[in-house]
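Structure file entry_16.txt with compact mmCIF, C-alpha atoms:
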# COMPACT_ATOMS: atom_id res chain seq x y z
CA MET S 1135 -15.71 -15.10 20.31
CA GLY S 1136 -18.46 -15.30 22.91
CA LYS S 1137 -18.30 -13.23 26.06
CA LEU S 1138 -18.31 -14.51 29.62
CA THR S 1139 -19.96 -12.17 32.12
CA THR S 1140 -19.50 -13.16 35.74
CA PRO S 1141 -19.72 -11.48 39.17
CA LEU S 1142 -15.94 -10.89 38.89
CA THR S 1143 -16.09 -9.08 35.55
CA GLU S 1144 -18.95 -6.93 36.84
CA LEU S 1145 -17.28 -6.21 40.19
CA VAL S 1146 -13.93 -5.11 38.73
CA GLY S 1147 -15.04 -3.84 35.32
CA ILE S 1148 -12.89 -6.20 33.26
CA GLU S 1149 -13.82 -7.93 30.02
CA HIS S 1150 -12.78 -11.50 30.85
CA PRO S 1151 -12.84 -13.46 34.15
CA VAL S 1152 -9.10 -14.12 34.11
CA VAL S 1153 -6.66 -12.83 36.77
CA GLN S 1154 -2.87 -12.65 36.58
CA THR S 1155 -1.56 -13.13 40.11
CA GLY S 1156 0.94 -10.86 41.87
CA MET S 1157 4.07 -13.00 41.56
CA GLY S 1158 7.16 -11.51 43.19
CA TRP S 1159 9.85 -10.44 40.67
CA VAL S 1160 7.51 -11.47 37.82
CA ALA S 1161 4.37 -9.34 37.95
CA GLY S 1162 5.88 -6.01 36.97
CA ALA S 1163 4.49 -3.14 34.94
CA ARG S 1164 4.90 -4.77 31.53
CA LEU S 1165 3.11 -8.01 32.37
CA VAL S 1166 0.35 -6.25 34.31
CA ALA S 1167 -0.36 -3.74 31.53
CA ALA S 1168 -0.37 -6.51 28.90
CA THR S 1169 -2.83 -8.58 30.95
CA SER S 1170 -5.17 -5.67 31.57
CA ASN S 1171 -5.02 -4.54 27.93
CA ALA S 1172 -6.02 -8.08 26.97
CA GLY S 1173 -9.17 -7.77 29.08
CA GLY S 1174 -8.01 -9.62 32.18
CA LEU S 1175 -7.00 -8.31 35.60
CA GLY S 1176 -3.27 -7.73 36.00
CA ILE S 1177 -1.94 -7.48 39.55
CA LEU S 1178 1.37 -5.81 40.43
CA ALA S 1179 3.56 -7.62 42.95
CA SER S 1180 4.62 -4.96 45.45
CA ALA S 1181 6.26 -7.19 48.07
CA THR S 1182 9.51 -7.26 46.09
CA MET S 1183 9.43 -3.51 45.39
CA THR S 1184 10.35 -0.55 47.53
CA LEU S 1185 7.64 2.06 47.92
CA ALA S 1186 9.41 4.26 45.36
CA GLU S 1187 9.70 1.35 42.92
CA LEU S 1188 6.00 0.62 43.37
CA GLU S 1189 5.14 4.23 42.60
CA THR S 1190 7.22 4.05 39.42
CA ALA S 1191 5.59 0.76 38.41
CA VAL S 1192 2.10 2.18 38.88
CA THR S 1193 3.03 5.17 36.72
CA LYS S 1194 4.27 2.82 33.99
CA VAL S 1195 1.12 0.69 34.07
CA LYS S 1196 -1.14 3.75 33.90
CA ALA S 1197 0.85 5.04 30.93
CA ALA S 1198 0.40 1.71 29.12
CA THR S 1199 -3.28 0.99 29.84
CA ASP S 1200 -6.49 2.67 30.91
CA LYS S 1201 -7.98 -0.65 31.99
CA PRO S 1202 -8.44 -1.76 35.64
CA PHE S 1203 -5.48 -3.35 37.41
CA GLY S 1204 -4.51 -4.21 40.97
CA ILE S 1205 -1.65 -4.20 43.46
CA ASN S 1206 -0.77 -7.09 45.75
CA ILE S 1207 0.27 -5.85 49.20
CA ARG S 1208 1.65 -7.68 52.22
CA ALA S 1209 -0.73 -6.75 54.99
CA ASP S 1210 2.01 -7.38 57.55
CA ALA S 1211 4.56 -5.12 55.83
CA GLY S 1212 5.85 -2.26 57.94
CA ASP S 1213 4.82 0.28 55.32
CA ALA S 1214 1.53 -1.40 54.34
CA ASN S 1215 -0.44 1.74 55.15
CA ASP S 1216 1.84 3.85 52.92
CA ARG S 1217 1.31 1.40 50.08
CA VAL S 1218 -2.44 1.49 50.61
CA ASP S 1219 -2.34 5.30 50.57
CA LEU S 1220 -0.41 5.18 47.28
CA LEU S 1221 -2.90 2.73 45.82
CA ILE S 1222 -5.83 4.96 46.78
CA HIS S 1223 -4.13 8.16 45.61
CA GLU S 1224 -3.35 6.63 42.21
CA GLY S 1225 -6.89 5.36 41.74
CA VAL S 1226 -5.87 1.70 41.44
CA LYS S 1227 -8.99 -0.46 41.15
CA VAL S 1228 -8.04 -3.59 43.14
CA ALA S 1229 -6.13 -4.29 46.36
CA SER S 1230 -4.95 -7.89 46.55
CA PHE S 1231 -3.53 -9.50 49.69
CA ALA S 1232 -1.70 -12.78 50.33
CA LEU S 1233 -2.38 -12.43 54.07
CA ALA S 1234 -5.83 -11.13 54.92
CA PRO S 1235 -5.87 -7.46 55.93
CA LYS S 1236 -7.61 -6.43 59.16
CA PRO S 1237 -11.17 -5.09 59.02
CA ASP S 1238 -10.06 -1.47 59.48
CA LEU S 1239 -7.77 -1.65 56.44
CA ILE S 1240 -10.52 -3.26 54.37
CA ALA S 1241 -12.90 -0.51 55.44
CA LYS S 1242 -10.38 2.19 54.49
CA LEU S 1243 -9.97 0.73 51.02
CA LYS S 1244 -13.67 0.23 50.46
CA ASP S 1245 -14.44 3.78 51.57
CA ALA S 1246 -12.08 4.88 48.79
CA GLY S 1247 -13.89 2.75 46.23
CA VAL S 1248 -11.16 0.10 46.00
CA VAL S 1249 -12.15 -3.55 45.40
CA VAL S 1250 -10.55 -5.76 48.08
CA ILE S 1251 -9.62 -9.32 47.09
CA PRO S 1252 -7.61 -11.35 49.65
CA SER S 1253 -6.20 -14.78 48.85
CA VAL S 1254 -7.24 -17.61 51.18
CA GLY S 1255 -6.33 -21.24 51.59
CA ALA S 1256 -9.28 -22.55 53.59
CA ALA S 1257 -13.06 -22.20 53.76
CA LYS S 1258 -12.96 -20.77 57.28
CA HIS S 1259 -10.64 -17.99 56.13
CA ALA S 1260 -12.95 -17.12 53.25
CA LYS S 1261 -15.89 -16.91 55.64
CA LYS S 1262 -13.89 -14.67 57.99
CA VAL S 1263 -12.84 -12.13 55.33
CA ALA S 1264 -16.36 -12.13 53.92
CA GLY S 1265 -17.54 -11.06 57.36
CA TRP S 1266 -14.86 -8.37 57.40
CA GLY S 1267 -16.16 -6.86 54.18
CA ALA S 1268 -13.86 -8.26 51.48
CA ASP S 1269 -15.40 -7.97 48.02
CA ALA S 1270 -14.12 -11.30 46.65
CA VAL S 1271 -11.52 -13.96 47.40
CA ILE S 1272 -8.94 -15.91 45.45
CA VAL S 1273 -8.64 -19.49 46.66
CA GLN S 1274 -5.54 -21.46 45.67
CA GLY S 1275 -5.41 -25.22 45.71
CA GLY S 1276 -2.29 -27.30 46.26
CA GLU S 1277 -1.45 -27.45 42.54
CA GLY S 1278 -0.47 -23.78 42.64
CA GLY S 1279 3.08 -22.46 42.81
CA GLY S 1280 4.81 -20.67 45.65
CA HIS S 1281 3.42 -21.00 49.16
CA THR S 1282 0.57 -23.45 48.91
CA GLY S 1283 -1.62 -25.78 50.93
CA PRO S 1284 -2.20 -29.54 50.85
CA VAL S 1285 -5.77 -29.59 49.47
CA ALA S 1286 -6.38 -29.88 45.72
CA THR S 1287 -8.40 -27.17 43.98
CA THR S 1288 -11.13 -29.67 43.06
CA LEU S 1289 -11.93 -30.07 46.77
CA LEU S 1290 -10.89 -26.71 48.17
CA LEU S 1291 -12.93 -24.68 45.68
CA PRO S 1292 -16.32 -26.28 46.41
CA SER S 1293 -15.66 -26.13 50.15
CA VAL S 1294 -15.05 -22.38 49.91
CA LEU S 1295 -18.04 -21.84 47.61
CA ASP S 1296 -20.27 -23.61 50.11
CA ALA S 1297 -18.85 -21.64 53.03
CA VAL S 1298 -19.63 -18.23 51.47
CA ALA S 1299 -22.74 -19.17 49.51
CA ASP S 1300 -24.99 -17.10 51.75
CA THR S 1301 -22.81 -13.98 51.31
CA GLY S 1302 -22.88 -13.84 47.53
CA MET S 1303 -19.15 -13.07 47.55
CA PRO S 1304 -17.42 -13.98 44.25
CA VAL S 1305 -14.78 -16.69 44.50
CA VAL S 1306 -11.87 -16.83 42.05
CA ALA S 1307 -10.22 -20.22 41.62
CA ALA S 1308 -6.43 -20.64 41.45
CA GLY S 1309 -4.08 -23.59 41.33
CA GLY S 1310 -3.82 -25.81 38.23
CA PHE S 1311 -5.43 -23.49 35.68
CA PHE S 1312 -3.87 -22.81 32.28
CA ASP S 1313 -6.54 -23.07 29.56
CA GLY S 1314 -10.22 -22.67 28.67
CA ARG S 1315 -11.15 -26.12 29.89
CA GLY S 1316 -10.05 -25.09 33.37
CA LEU S 1317 -11.98 -21.82 33.19
CA ALA S 1318 -15.11 -23.68 32.03
CA ALA S 1319 -14.71 -26.17 34.88
CA ALA S 1320 -14.23 -23.41 37.47
CA LEU S 1321 -17.32 -21.57 36.26
CA SER S 1322 -19.27 -24.83 36.37
CA TYR S 1323 -18.26 -25.27 40.00
CA GLY S 1324 -19.68 -21.82 40.69
CA ALA S 1325 -16.48 -19.75 40.68
CA ALA S 1326 -16.51 -16.27 39.16
CA GLY S 1327 -13.22 -16.70 37.31
CA VAL S 1328 -9.71 -18.12 37.49
CA ALA S 1329 -6.36 -16.73 38.61
CA MET S 1330 -3.11 -17.96 37.10
CA GLY S 1331 0.53 -17.38 37.95
CA THR S 1332 2.82 -19.82 36.14
CA ARG S 1333 0.79 -19.59 32.92
CA PHE S 1334 1.34 -15.80 32.84
CA LEU S 1335 5.00 -16.19 33.80
CA LEU S 1336 5.31 -18.28 30.64
CA THR S 1337 4.19 -15.60 28.19
CA SER S 1338 6.14 -13.40 25.81
CA ASP S 1339 5.10 -10.39 27.92
CA SER S 1340 6.81 -11.76 31.03
CA THR S 1341 10.24 -10.27 31.79
CA VAL S 1342 11.59 -13.55 33.18
CA PRO S 1343 14.81 -14.44 31.27
CA ASP S 1344 14.26 -16.67 28.24
CA GLU S 1345 16.61 -19.37 29.53
CA VAL S 1346 14.57 -19.57 32.73
CA LYS S 1347 11.33 -19.83 30.78
CA GLN S 1348 12.85 -22.72 28.85
CA ARG S 1349 13.73 -24.39 32.16
CA TYR S 1350 10.04 -24.21 33.11
CA LEU S 1351 8.91 -25.54 29.71
CA GLN S 1352 11.27 -28.50 30.03
CA ALA S 1353 9.71 -29.58 33.34
CA GLY S 1354 7.50 -32.65 33.47
CA LEU S 1355 4.33 -33.02 35.52
CA ASP S 1356 6.59 -34.38 38.26
CA GLY S 1357 9.01 -31.48 37.82
CA THR S 1358 7.90 -29.57 40.90
CA VAL S 1359 8.10 -30.38 44.57
CA VAL S 1360 6.42 -28.96 47.65
CA SER S 1361 9.35 -28.27 49.92
CA THR S 1362 9.50 -27.01 53.48
CA ARG S 1363 13.28 -26.73 53.25
CA VAL S 1364 13.22 -23.48 51.30
CA ASP S 1365 11.79 -21.27 54.02
CA GLY S 1366 9.99 -23.48 56.52
CA MET S 1367 6.60 -23.24 54.83
CA PRO S 1368 5.18 -25.58 52.13
CA HIS S 1369 6.50 -23.99 48.94
CA ARG S 1370 5.91 -25.49 45.47
CA VAL S 1371 9.02 -24.94 43.35
CA LEU S 1372 10.80 -26.43 40.35
CA ARG S 1373 13.31 -29.16 41.10
CA THR S 1374 16.49 -27.10 40.65
CA GLY S 1375 19.93 -28.17 41.80
CA LEU S 1376 19.65 -26.10 44.95
CA VAL S 1377 16.23 -27.52 45.83
CA GLU S 1378 17.39 -31.09 45.17
CA LYS S 1379 20.35 -30.52 47.51
CA LEU S 1380 18.06 -29.27 50.24
CA GLU S 1381 15.48 -32.02 49.72
CA SER S 1382 17.77 -35.02 49.41
CA GLY S 1383 20.60 -34.00 51.67
CA SER S 1384 21.02 -34.57 55.36
CA PRO S 1385 20.14 -31.73 57.73
CA VAL S 1386 23.85 -30.91 57.92
CA ARG S 1387 24.19 -30.78 54.13
CA GLY S 1388 21.00 -28.74 53.92
CA PHE S 1389 22.31 -26.24 56.40
CA THR S 1390 25.63 -26.04 54.55
CA ALA S 1391 23.84 -25.32 51.27
CA ALA S 1392 21.65 -22.72 52.96
CA VAL S 1393 24.58 -20.94 54.58
CA GLY S 1394 26.59 -21.05 51.37
CA ASN S 1395 23.71 -19.62 49.40
CA ALA S 1396 23.02 -16.96 52.01
CA GLN S 1397 26.67 -15.94 51.83
CA LYS S 1398 26.31 -15.29 48.07
CA PHE S 1399 23.49 -12.86 48.66
CA LYS S 1400 24.77 -11.28 51.88
CA LYS S 1401 27.09 -8.97 49.95
CA MET S 1402 24.38 -8.10 47.45
CA THR S 1403 21.84 -7.12 50.12
CA GLY S 1404 24.28 -5.61 52.61
CA MET S 1405 22.76 -7.82 55.32
CA THR S 1406 24.79 -9.00 58.28
CA TRP S 1407 24.53 -12.56 59.58
CA ALA S 1408 22.82 -11.20 62.67
CA SER S 1409 20.16 -9.47 60.57
CA ILE S 1410 19.67 -12.59 58.43
CA VAL S 1411 18.96 -14.72 61.48
CA LYS S 1412 16.82 -12.02 63.09
CA ASP S 1413 14.71 -11.55 59.95
CA GLY S 1414 14.36 -15.29 59.45
CA LEU S 1415 13.10 -15.79 63.00
CA ALA S 1416 10.72 -12.84 62.68
CA MET S 1417 9.28 -14.17 59.42
CA ARG S 1418 8.47 -17.56 60.89
CA ARG S 1419 8.06 -16.84 64.59
CA GLY S 1420 6.25 -19.58 66.44
CA LYS S 1421 7.03 -22.31 63.89
CA ASP S 1422 9.32 -25.27 64.42
CA LEU S 1423 12.18 -24.41 62.07
CA THR S 1424 15.63 -25.83 61.54
CA TRP S 1425 18.50 -23.34 61.38
CA SER S 1426 18.70 -24.10 57.66
CA GLN S 1427 15.11 -22.93 57.24
CA VAL S 1428 15.73 -19.81 59.32
CA VAL S 1429 18.65 -18.82 57.11
CA MET S 1430 16.72 -19.61 53.94
CA ALA S 1431 13.59 -17.80 55.11
CA ALA S 1432 15.40 -14.50 55.35
CA ASN S 1433 16.85 -14.99 51.90
CA THR S 1434 13.87 -16.39 50.01
CA PRO S 1435 13.12 -13.13 48.16
CA MET S 1436 16.74 -12.99 46.99
CA LEU S 1437 16.69 -16.66 46.02
CA LEU S 1438 13.62 -16.01 43.88
CA LYS S 1439 15.30 -12.96 42.36
CA ALA S 1440 18.38 -14.99 41.47
CA GLY S 1441 16.29 -17.34 39.38
CA LEU S 1442 13.46 -15.18 38.06
CA VAL S 1443 15.40 -11.98 37.39
CA GLU S 1444 19.04 -12.94 37.04
CA GLY S 1445 18.50 -16.33 35.42
CA ASN S 1446 20.69 -18.23 37.89
CA THR S 1447 18.77 -21.50 38.11
CA GLY S 1448 21.60 -23.19 40.00
CA ALA S 1449 21.62 -20.82 42.96
CA GLY S 1450 18.02 -19.65 42.80
CA VAL S 1451 14.55 -20.88 43.62
CA LEU S 1452 11.88 -21.00 40.93
CA ALA S 1453 8.35 -20.98 42.33
CA SER S 1454 6.10 -22.96 40.00
CA GLY S 1455 2.67 -24.47 39.75
CA GLN S 1456 2.29 -28.03 38.50
CA VAL S 1457 0.98 -26.65 35.20
CA ALA S 1458 4.59 -26.05 34.12
CA GLY S 1459 4.66 -29.74 33.27
CA ILE S 1460 1.94 -29.38 30.65
CA LEU S 1461 2.83 -26.04 29.05
CA GLU S 1462 4.77 -25.90 25.78
CA ASP S 1463 4.48 -22.35 24.44
CA LEU S 1464 5.02 -18.66 25.22
CA PRO S 1465 1.98 -16.78 23.88
CA SER S 1466 1.38 -13.08 24.42
CA CYS S 1467 -1.12 -12.20 27.14
CA ALA S 1468 -3.62 -11.20 24.46
CA GLU S 1469 -3.22 -14.52 22.63
CA LEU S 1470 -3.45 -16.44 25.90
CA ILE S 1471 -6.58 -14.78 27.23
CA ASP S 1472 -8.39 -14.85 23.87
CA SER S 1473 -7.68 -18.57 23.48
CA ILE S 1474 -8.76 -19.34 27.05
CA VAL S 1475 -12.07 -17.51 26.68
CA ASP S 1476 -12.74 -19.01 23.23
CA GLN S 1477 -12.08 -22.51 24.51
CA ALA S 1478 -14.14 -21.99 27.67
CA VAL S 1479 -17.13 -20.76 25.64
CA GLU S 1480 -16.79 -23.76 23.33
CA HIS S 1481 -16.74 -26.21 26.23
CA LEU S 1482 -19.62 -24.55 28.08
CA ARG S 1483 -21.75 -24.59 24.93
CA GLY S 1484 -20.82 -28.22 24.36
CA ALA S 1485 -21.79 -29.11 27.91
CA ALA S 1486 -25.14 -27.38 27.48
CA THR S 1487 -26.00 -29.74 24.62
CA LEU S 1488 -25.90 -32.64 27.07
CA ILE S 1489 -28.99 -31.33 28.83
CA THR S 1490 -32.31 -32.89 27.79
CA ASP S 1491 -35.78 -32.10 29.04

As structure tokens, how would this structure be written, given the file I've shared?
Amino acid sequence: MGKLTTPLTELVGIEHPVVQTGMGWVAGARLVAATSNAGGLGILASATMTLAELETAVTKVKAATDKPFGINIRADAGDANDRVDLLIHEGVKVASFALAPKPDLIAKLKDAGVVVIPSVGAAKHAKKVAGWGADAVIVQGGEGGGHTGPVATTLLLPSVLDAVADTGMPVVAAGGFFDGRGLAAALSYGAAGVAMGTRFLLTSDSTVPDEVKQRYLQAGLDGTVVSTRVDGMPHRVLRTGLVEKLESGSPVRGFTAAVGNAQKFKKMTGMTWASIVKDGLAMRRGKDLTWSQVVMAANTPMLLKAGLVEGNTGAGVLASGQVAGILEDLPSCAELIDSIVDQAVEHLRGAATLITD
């Protein structure tokens, strides 16, 4: 197998330019350790963990690997600073952010020797965080799962690369990647690597229930939908019964489904209706939401947990990239990363033969 050395592998100290994203309820200690042991960069999803749970997860990862890994943190979380302090204290290599952290937080992390990699959805955001001192960015095109934008990776990636070309900041491409052909294409664009979520969810190292994995594998290329009826933001998810109800139903039916689903989780979380509405409004303040979206917004983490942890595909939401429609197997992280790098090297060498003097 050939080796691919890129600005990402050199920046983080990993063997292969492949990143496993911090998917809520999915990217736990086992998956992260398996990814990092395979030479990629595993990223823990902390948004769905308490601070104590995060500390336990970090301990488990460190016991299972001595390779670099990262933690994804919500910059707007009330205890974001405590999580950053934990990350620094534990010597975690990478801090990943879905929402860009402020310059002072970036500076704090960099002073501690932590590599800061925010995720962005537009060229202007990449340019901004580059100016704030971020070390690299992950840019996700519309093919990606979860909260996503309308622009395809094939257009978003070059726009971001052009925007930060003068900074030398590495750009990691996400959205629609699952094999070595995609990695070769991303590197040819000028990216420093690829980040994948759904592809890592569908591995034998993922703790997602087997019946849920099979639900993903059964999906066609048209098996996902970008819905704003889950939580008010564009959210790419599998077409489950709940999502179909919300998408195809009238606003009244959608609200009924949302309230009914919220009721199921109200007992589990101990939330009151007042707190559900308050949290929903706080999460999406300033946006034009229906009451259905407000109720769903407050419960989205629990909806994801219902599907991804408890295996309830009827009452849960399953975030998914479009790649679910093309995947057919459940390799280990080691098998996956080795095959991706092998195939990428093969394609890059093949492309080089096309060049004539």

**Report entry** Spatial neighbours of range 1350-1353 of chain S, max dist 12 Å, only C-alpha atoms, sep filter under 6 positions, as JSON, numbers by chain
**Finding:** {"S": [1332, 1333, 1335, 1336, 1337, 1342, 1343, 1344, 1359, 1371, 1372, 1373, 1374, 1441, 1442, 1445, 1447, 1451, 1452, 1453, 1454, 1455, 1456, 1457, 1458, 1459, 1460, 1461, 1462, 1463, 1464]}

Residue selection dump (C-alpha atoms) as a PDB file, keeping the file's coordinate frame:
ATOM      1  CA  THR S1332       2.820 -19.820  36.140  1.00  0.00           C
ATOM      2  CA  ARG S1333       0.790 -19.590  32.920  1.00  0.00           C
ATOM      3  CA  LEU S1335       5.000 -16.190  33.800  1.00  0.00           C
ATOM      4  CA  LEU S1336       5.310 -18.280  30.640  1.00  0.00           C
ATOM      5  CA  THR S1337       4.190 -15.600  28.190  1.00  0.00           C
ATOM      6  CA  VAL S1342      11.590 -13.550  33.180  1.00  0.00           C
ATOM      7  CA  PRO S1343      14.810 -14.440  31.270  1.00  0.00           C
ATOM      8  CA  ASP S1344      14.260 -16.670  28.240  1.00  0.00           C
ATOM      9  CA  VAL S1359       8.100 -30.380  44.570  1.00  0.00           C
ATOM     10  CA  VAL S1371       9.020 -24.940  43.350  1.00  0.00           C
ATOM     11  CA  LEU S1372      10.800 -26.430  40.350  1.00  0.00           C
ATOM     12  CA  ARG S1373      13.310 -29.160  41.100  1.00  0.00           C
ATOM     13  CA  THR S1374      16.490 -27.100  40.650  1.00  0.00           C
ATOM     14  CA  GLY S1441      16.290 -17.340  39.380  1.00  0.00           C
ATOM     15  CA  LEU S1442      13.460 -15.180  38.060  1.00  0.00           C
ATOM     16  CA  GLY S1445      18.500 -16.330  35.420  1.00  0.00           C
ATOM     17  CA  THR S1447      18.770 -21.500  38.110  1.00  0.00           C
ATOM     18  CA  VAL S1451      14.550 -20.880  43.620  1.00  0.00           C
ATOM     19  CA  LEU S1452      11.880 -21.000  40.930  1.00  0.00           C
ATOM     20  CA  ALA S1453       8.350 -20.980  42.330  1.00  0.00           C
ATOM     21  CA  SER S1454       6.100 -22.960  40.000  1.00  0.00           C
ATOM     22  CA  GLY S1455       2.670 -24.470  39.750  1.00  0.00           C
ATOM     23  CA  GLN S1456       2.290 -28.030  38.500  1.00  0.00           C
ATOM     24  CA  VAL S1457       0.980 -26.650  35.200  1.00  0.00           C
ATOM     25  CA  ALA S1458       4.590 -26.050  34.120  1.00  0.00           C
ATOM     26  CA  GLY S1459       4.660 -29.740  33.270  1.00  0.00           C
ATOM     27  CA  ILE S1460       1.940 -29.380  30.650  1.00  0.00           C
ATOM     28  CA  LEU S1461       2.830 -26.040  29.050  1.00  0.00           C
ATOM     29  CA  GLU S1462       4.770 -25.900  25.780  1.00  0.00           C
ATOM     30  CA  ASP S1463       4.480 -22.350  24.440  1.00  0.00           C
ATOM     31  CA  LEU S1464       5.020 -18.660  25.220  1.00  0.00           C
TER      32      LEU S1464
END

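Counting from CA of Ala1168 in chain S, the distance to CA of Met1330 in chain S is 14.3 Å.
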
Query raised in the report: Residues at most 10 Å from Leu1188 in chain S, counting all atoms listed in the file, excluding those fewer than 3 positions away in the same chain, as number ranges by chain?
Result: S: 1162-1163, 1178-1185, 1191-1194, 1205, 1217, 1220-1221

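CA of Pro1202 in chain S sits 25.3 Å away from CA of Gly1255 in chain S.
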
Query raised in the report: If you count all atoms listed in the file, which residues fall within 10 Å of Val1298 in chain S, apart from same-chain ones fewer than 4 positions away, as JSON, numbers by chain?
Result: {"S": [1257, 1258, 1260, 1261, 1262, 1263, 1264, 1265, 1293, 1294, 1302, 1303, 1304, 1305]}

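Excluding Val1479 in chain S itself and any same-chain residue fewer than 6 positions from it, the protein and nucleic acid residues within 10 Å of it, counting all atoms listed in the file, are Met1135, Gly1136, Lys1137, Leu1138, Gly1314, Arg1315, Leu1317, Ala1318, Ser1473 and Ala1485 of chain S.
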
Show me the residues close to (-17.1, -24.0, 43.3) - anything with an atom within 8 Å, counting only C-alpha atoms - and format the list as a short mmCIF file (atom, residue, chain, number, x, y, z; two decimals) with C-alpha atoms, keeping the file's coordinate frame.
data_model
loop_
_atom_site.label_atom_id
_atom_site.label_comp_id
_atom_site.auth_asym_id
_atom_site.auth_seq_id
_atom_site.Cartn_x
_atom_site.Cartn_y
_atom_site.Cartn_z
CA LEU S 1291 -12.93 -24.68 45.68
CA PRO S 1292 -16.32 -26.28 46.41
CA SER S 1293 -15.66 -26.13 50.15
CA VAL S 1294 -15.05 -22.38 49.91
CA LEU S 1295 -18.04 -21.84 47.61
CA ASP S 1296 -20.27 -23.61 50.11
CA VAL S 1305 -14.78 -16.69 44.50
CA ALA S 1320 -14.23 -23.41 37.47
CA LEU S 1321 -17.32 -21.57 36.26
CA SER S 1322 -19.27 -24.83 36.37
CA TYR S 1323 -18.26 -25.27 40.00
CA GLY S 1324 -19.68 -21.82 40.69
CA ALA S 1325 -16.48 -19.75 40.68
#

Could the centre and edge lengths of an axis-aligned box, enclosing all atoms of range 1289-1305 of chain S in the file with 8 Å extra on each side, be given in Å to one decimal as lines of an AutoDock Vina configuration file?
center_x = -17.9
center_y = -21.6
center_z = 48.6
size_x = 30.1
size_y = 33.0
size_z = 24.8
